[in-house]
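Student: Got a structure for you, written out below as structure tokens; questions coming shortly.
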Amino acid sequence: MRMPMLGAALIMMTSAAMMSPVMADDDDAKGAQKLAQQGRDAYWHCLAREYSRDSNQGMTEQDFGRSVAGACRSERQYYRVALLDYLTTQYPDIDAGAHLATANRAVESAQKDIVTAFVKHRPPAK
């Protein structure tokens, strides 16, 4: 229960930071912000397509989790790189490793959220 809440909080914090006009006051920062938002949206849309595939019916949580982890590779990488670039632009004094860890947690959180939705909304076993 704590992990989904932590993941949701992380996404909300990164989304709120990406939306803040005060933090994105120059052209480079605005461009990085826009790319990070586009990356997030593209990744979530891809995950939503994976979620709604008919072939997922009857999958176990573990199988669906593995499927999601291997799906949307280009969208996932684009999101990770765009978020990393945005964080580096906004917080240049913070270690790049910390930014990478944040970007990786955002990706992991999205995957966990889609798996959680899959588990909650699948029909009960007969």
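In the structure tokens, each chain is lettered A, B, ... as it comes, each chain's residues begin at 1, and ligands are numbered from 1 in order of appearance.
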Which residues of region 37-58 of chain A come within 8 Å of region 70-75 of chain A, and for each one, what is the closest pair of atoms and their distance in Å to one decimal, counting only C-alpha atoms, sorted by chain and residue number, as JSON lines?
Tutor:
```
{"residue": "A:Gly39", "atom": "CA", "partner": "A:Glu75", "partner_atom": "CA", "distance": 6.8}
{"residue": "A:Ala42", "atom": "CA", "partner": "A:Glu75", "partner_atom": "CA", "distance": 6.1}
{"residue": "A:Tyr43", "atom": "CA", "partner": "A:Glu75", "partner_atom": "CA", "distance": 5.0}
{"residue": "A:Cys46", "atom": "CA", "partner": "A:Cys72", "partner_atom": "CA", "distance": 6.0}
{"residue": "A:Leu47", "atom": "CA", "partner": "A:Cys72", "partner_atom": "CA", "distance": 7.0}
{"residue": "A:Glu50", "atom": "CA", "partner": "A:Ala71", "partner_atom": "CA", "distance": 7.5}
```
Student: Would you write out those residues with C-alpha atoms, as a CSV table (one decimal), in the first residue's frame?
Tutor:
```
chain,number,residue,atom,x,y,z
A,39,GLY,CA,7.6,12.0,-22.9
A,42,ALA,CA,3.7,9.3,-24.7
A,43,TYR,CA,4.8,6.7,-22.2
A,46,CYS,CA,1.7,3.4,-24.7
A,47,LEU,CA,1.1,1.8,-21.3
A,50,GLU,CA,-0.7,-2.3,-23.4
```
Student: Give me the residues within 12 Å of Trp44 (chain A) as a VMD selection string, counting only C-alpha atoms and dropping any in the same chain fewer than 2 places off.
Tutor: chain A and resid 11 37 to 42 46 to 51 68 71 to 72 75 to 76 78 to 79 106 to 114
Student: So that I can check the surroundings of Ala32 (chain A), please list as a PDB file with N, CA, C and O atoms, in the first residue's frame every protein, DNA and RNA residue that reaches within 10 Å of it, counting only C-alpha atoms and ignoring chain neighbours fewer than 2 positions away.
Tutor:
```
ATOM      1  N   MET A  18       7.241  20.038 -13.147  1.00  0.00           N
ATOM      2  CA  MET A  18       7.288  20.296 -14.577  1.00  0.00           C
ATOM      3  C   MET A  18       6.290  21.383 -14.967  1.00  0.00           C
ATOM      4  O   MET A  18       6.487  22.076 -15.950  1.00  0.00           O
ATOM      5  N   ALA A  24      10.409  27.408 -14.651  1.00  0.00           N
ATOM      6  CA  ALA A  24      10.730  27.299 -16.070  1.00  0.00           C
ATOM      7  C   ALA A  24      10.658  28.670 -16.719  1.00  0.00           C
ATOM      8  O   ALA A  24       9.783  28.957 -17.509  1.00  0.00           O
ATOM      9  N   ASP A  27      14.112  29.916 -21.996  1.00  0.00           N
ATOM     10  CA  ASP A  27      13.729  29.086 -23.135  1.00  0.00           C
ATOM     11  C   ASP A  27      14.205  27.634 -23.012  1.00  0.00           C
ATOM     12  O   ASP A  27      13.469  26.712 -23.364  1.00  0.00           O
ATOM     13  N   ASP A  28      15.426  27.431 -22.521  1.00  0.00           N
ATOM     14  CA  ASP A  28      15.937  26.067 -22.369  1.00  0.00           C
ATOM     15  C   ASP A  28      15.092  25.275 -21.378  1.00  0.00           C
ATOM     16  O   ASP A  28      14.750  24.113 -21.634  1.00  0.00           O
ATOM     17  N   ALA A  29      14.773  25.900 -20.274  1.00  0.00           N
ATOM     18  CA  ALA A  29      13.981  25.214 -19.254  1.00  0.00           C
ATOM     19  C   ALA A  29      12.572  24.929 -19.766  1.00  0.00           C
ATOM     20  O   ALA A  29      12.021  23.855 -19.517  1.00  0.00           O
ATOM     21  N   LYS A  30      11.997  25.879 -20.482  1.00  0.00           N
ATOM     22  CA  LYS A  30      10.649  25.663 -21.025  1.00  0.00           C
ATOM     23  C   LYS A  30      10.654  24.540 -22.059  1.00  0.00           C
ATOM     24  O   LYS A  30       9.732  23.731 -22.100  1.00  0.00           O
ATOM     25  N   LYS A  34       8.634  21.038 -21.673  1.00  0.00           N
ATOM     26  CA  LYS A  34       7.692  20.567 -22.686  1.00  0.00           C
ATOM     27  C   LYS A  34       8.040  19.159 -23.145  1.00  0.00           C
ATOM     28  O   LYS A  34       7.160  18.304 -23.283  1.00  0.00           O
ATOM     29  N   LEU A  35       9.320  18.898 -23.370  1.00  0.00           N
ATOM     30  CA  LEU A  35       9.740  17.561 -23.802  1.00  0.00           C
ATOM     31  C   LEU A  35       9.478  16.514 -22.714  1.00  0.00           C
ATOM     32  O   LEU A  35       9.086  15.385 -23.024  1.00  0.00           O
ATOM     33  N   ALA A  36       9.694  16.880 -21.467  1.00  0.00           N
ATOM     34  CA  ALA A  36       9.438  15.938 -20.369  1.00  0.00           C
ATOM     35  C   ALA A  36       7.941  15.618 -20.280  1.00  0.00           C
ATOM     36  O   ALA A  36       7.560  14.464 -20.065  1.00  0.00           O
ATOM     37  N   GLN A  37       7.112  16.616 -20.456  1.00  0.00           N
ATOM     38  CA  GLN A  37       5.663  16.386 -20.434  1.00  0.00           C
ATOM     39  C   GLN A  37       5.235  15.516 -21.613  1.00  0.00           C
ATOM     40  O   GLN A  37       4.421  14.601 -21.448  1.00  0.00           O
ATOM     41  N   GLN A  38       5.786  15.786 -22.783  1.00  0.00           N
ATOM     42  CA  GLN A  38       5.465  14.975 -23.956  1.00  0.00           C
ATOM     43  C   GLN A  38       5.931  13.530 -23.756  1.00  0.00           C
ATOM     44  O   GLN A  38       5.223  12.592 -24.128  1.00  0.00           O
ATOM     45  N   ALA A  82      14.147  12.657 -21.353  1.00  0.00           N
ATOM     46  CA  ALA A  82      13.555  13.997 -21.300  1.00  0.00           C
ATOM     47  C   ALA A  82      13.410  14.480 -19.858  1.00  0.00           C
ATOM     48  O   ALA A  82      13.688  15.646 -19.551  1.00  0.00           O
ATOM     49  N   LEU A  83      13.003  13.586 -18.954  1.00  0.00           N
ATOM     50  CA  LEU A  83      12.880  13.970 -17.549  1.00  0.00           C
ATOM     51  C   LEU A  83      14.253  14.245 -16.951  1.00  0.00           C
ATOM     52  O   LEU A  83      14.429  15.210 -16.201  1.00  0.00           O
ATOM     53  N   LEU A  84      15.220  13.446 -17.299  1.00  0.00           N
ATOM     54  CA  LEU A  84      16.593  13.658 -16.831  1.00  0.00           C
ATOM     55  C   LEU A  84      17.110  15.020 -17.294  1.00  0.00           C
ATOM     56  O   LEU A  84      17.694  15.777 -16.515  1.00  0.00           O
ATOM     57  N   ASP A  85      16.876  15.343 -18.552  1.00  0.00           N
ATOM     58  CA  ASP A  85      17.290  16.640 -19.089  1.00  0.00           C
ATOM     59  C   ASP A  85      16.590  17.781 -18.367  1.00  0.00           C
ATOM     60  O   ASP A  85      17.214  18.782 -17.997  1.00  0.00           O
ATOM     61  N   TYR A  86      15.303  17.623 -18.134  1.00  0.00           N
ATOM     62  CA  TYR A  86      14.548  18.658 -17.424  1.00  0.00           C
ATOM     63  C   TYR A  86      15.091  18.857 -16.006  1.00  0.00           C
ATOM     64  O   TYR A  86      15.325  19.986 -15.578  1.00  0.00           O
ATOM     65  N   LEU A  87      15.285  17.772 -15.290  1.00  0.00           N
ATOM     66  CA  LEU A  87      15.780  17.875 -13.915  1.00  0.00           C
ATOM     67  C   LEU A  87      17.167  18.497 -13.873  1.00  0.00           C
ATOM     68  O   LEU A  87      17.470  19.317 -12.996  1.00  0.00           O
ATOM     69  N   THR A  88      18.016  18.142 -14.829  1.00  0.00           N
ATOM     70  CA  THR A  88      19.359  18.711 -14.895  1.00  0.00           C
ATOM     71  C   THR A  88      19.305  20.203 -15.194  1.00  0.00           C
ATOM     72  O   THR A  88      20.072  20.986 -14.625  1.00  0.00           O
ATOM     73  N   THR A  89      18.373  20.608 -16.053  1.00  0.00           N
ATOM     74  CA  THR A  89      18.201  22.024 -16.375  1.00  0.00           C
ATOM     75  C   THR A  89      17.700  22.798 -15.165  1.00  0.00           C
ATOM     76  O   THR A  89      18.185  23.894 -14.867  1.00  0.00           O
ATOM     77  N   GLN A  90      16.742  22.241 -14.461  1.00  0.00           N
ATOM     78  CA  GLN A  90      16.143  22.931 -13.319  1.00  0.00           C
ATOM     79  C   GLN A  90      17.031  22.923 -12.078  1.00  0.00           C
ATOM     80  O   GLN A  90      17.009  23.875 -11.299  1.00  0.00           O
TER      81      GLN A  90
END
```
Student: Rounded to one decimal, what separation in Å do you get between CA of Ala69 (chain A) and CA of His45 (chain A)?
Tutor: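 Calculated distance between CA of Ala69 (chain A) and CA of His45 (chain A) is 14.6 Å.
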Student: Can you pull out every residue within 9 Å of Glu61 (chain A), counting only C-alpha atoms, but drop anything in the same chain fewer than 2 positions away, and send it as a list of chain:residue names?
Tutor: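 Residues meeting the cut-off are A:Met59, A:Asp63, A:Phe64, A:Gly65, A:Arg66, A:Val115, A:Thr116, A:Phe118, A:Val119.
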Student: Could you please take those selected residues and save C-alpha atoms as a JSON list (two decimals), in the first residue's frame?
Tutor:
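Written out: again_17.json:
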```json
[["chain", "number", "residue", "atom", "x", "y", "z"],
["A", 59, "MET", "CA", -2.66, -13.18, -17.59],
["A", 63, "ASP", "CA", 3.02, -12.11, -16.43],
["A", 64, "PHE", "CA", 1.37, -8.78, -17.07],
["A", 65, "GLY", "CA", 4.10, -7.02, -15.05],
["A", 66, "ARG", "CA", 6.78, -8.68, -17.18],
["A", 115, "VAL", "CA", -0.05, -3.26, -13.12],
["A", 116, "THR", "CA", -2.09, -2.20, -10.08],
["A", 118, "PHE", "CA", -4.74, -4.31, -14.26],
["A", 119, "VAL", "CA", -5.08, -6.33, -11.05]]
```
Student: Just how far from CA of Gln62 (chain A) is CA of Ala103 (chain A), in Å to one decimal?
Tutor: 23.3 Å
Student: Separation of CA of Arg53 (chain A) and CA of Arg105 (chain A), in Å?
Tutor: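 Result for CA of Arg53 (chain A) versus CA of Arg105 (chain A): 25.1 Å, one decimal.
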